[in-house]
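Reviewing the structure listed below.
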Amino acid sequence: MRRLLKEPLVHFLLAGLALVVIYQVSGSGDLANSKTVVVDKQTLLTFMQYRAKAFNQQSFEARLDALTSEQLQLLIDDYVREESLYREAQAMQLERNDYIIRRRLIQKLEFITKGFADASGGPVYRPGGRVTG
């Protein structure tokens, strides 16, 4: 037994096992890996606004408050279904090597940076390497 405990391979395996246990116990805290979908009022408001492609907070708060319990449950079910599918797609890494998603992310970043540049009065990078402003 003492001879076995002196083996470097045993030390390596025990250290690896300890790391796995620590990782499993600590959890990542990442909701994408969690089986729990949190649904609150703000989440539903955001979901409704993006579905309608309209972003008037007060209008959607009134719409949400006016829903019957059956309509609210359908909205929650739709949100949970969409969130579950999104998480599963992430777990399967479907966004990797997908040119459409790549372009969409680039467009999103350009939109965000354009907003900052416009606010600061600085130059804006345009596709094709052009800088304007």
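Going through the structure tokens in order, the chains are called A, B, and so on, while each chain numbers its residues from 1 and the ligands are numbered from 1 in the order shown.
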
Segment 70-78 of chain A environment, 8 Å, only C-alpha atoms, sequence neighbours closer than 6 positions dropped, as number ranges by chain: A: 39, 44, 64

As an exercise, work out the distance from atom CA of Lys53 of chain A to atom CA of Arg104 of chain A in Å and give it to one decimal place.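 Here the two named atoms are 16.6 Å from each other.
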
Could you state the separation of atom CA of Leu85 of chain A and atom CA of Thr68 of chain A in Å, given to one decimal place? 25.8 Å

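In this structure, atom CA of Phe60 of chain A sits 8.9 Å away from atom CA of Thr46 of chain A.
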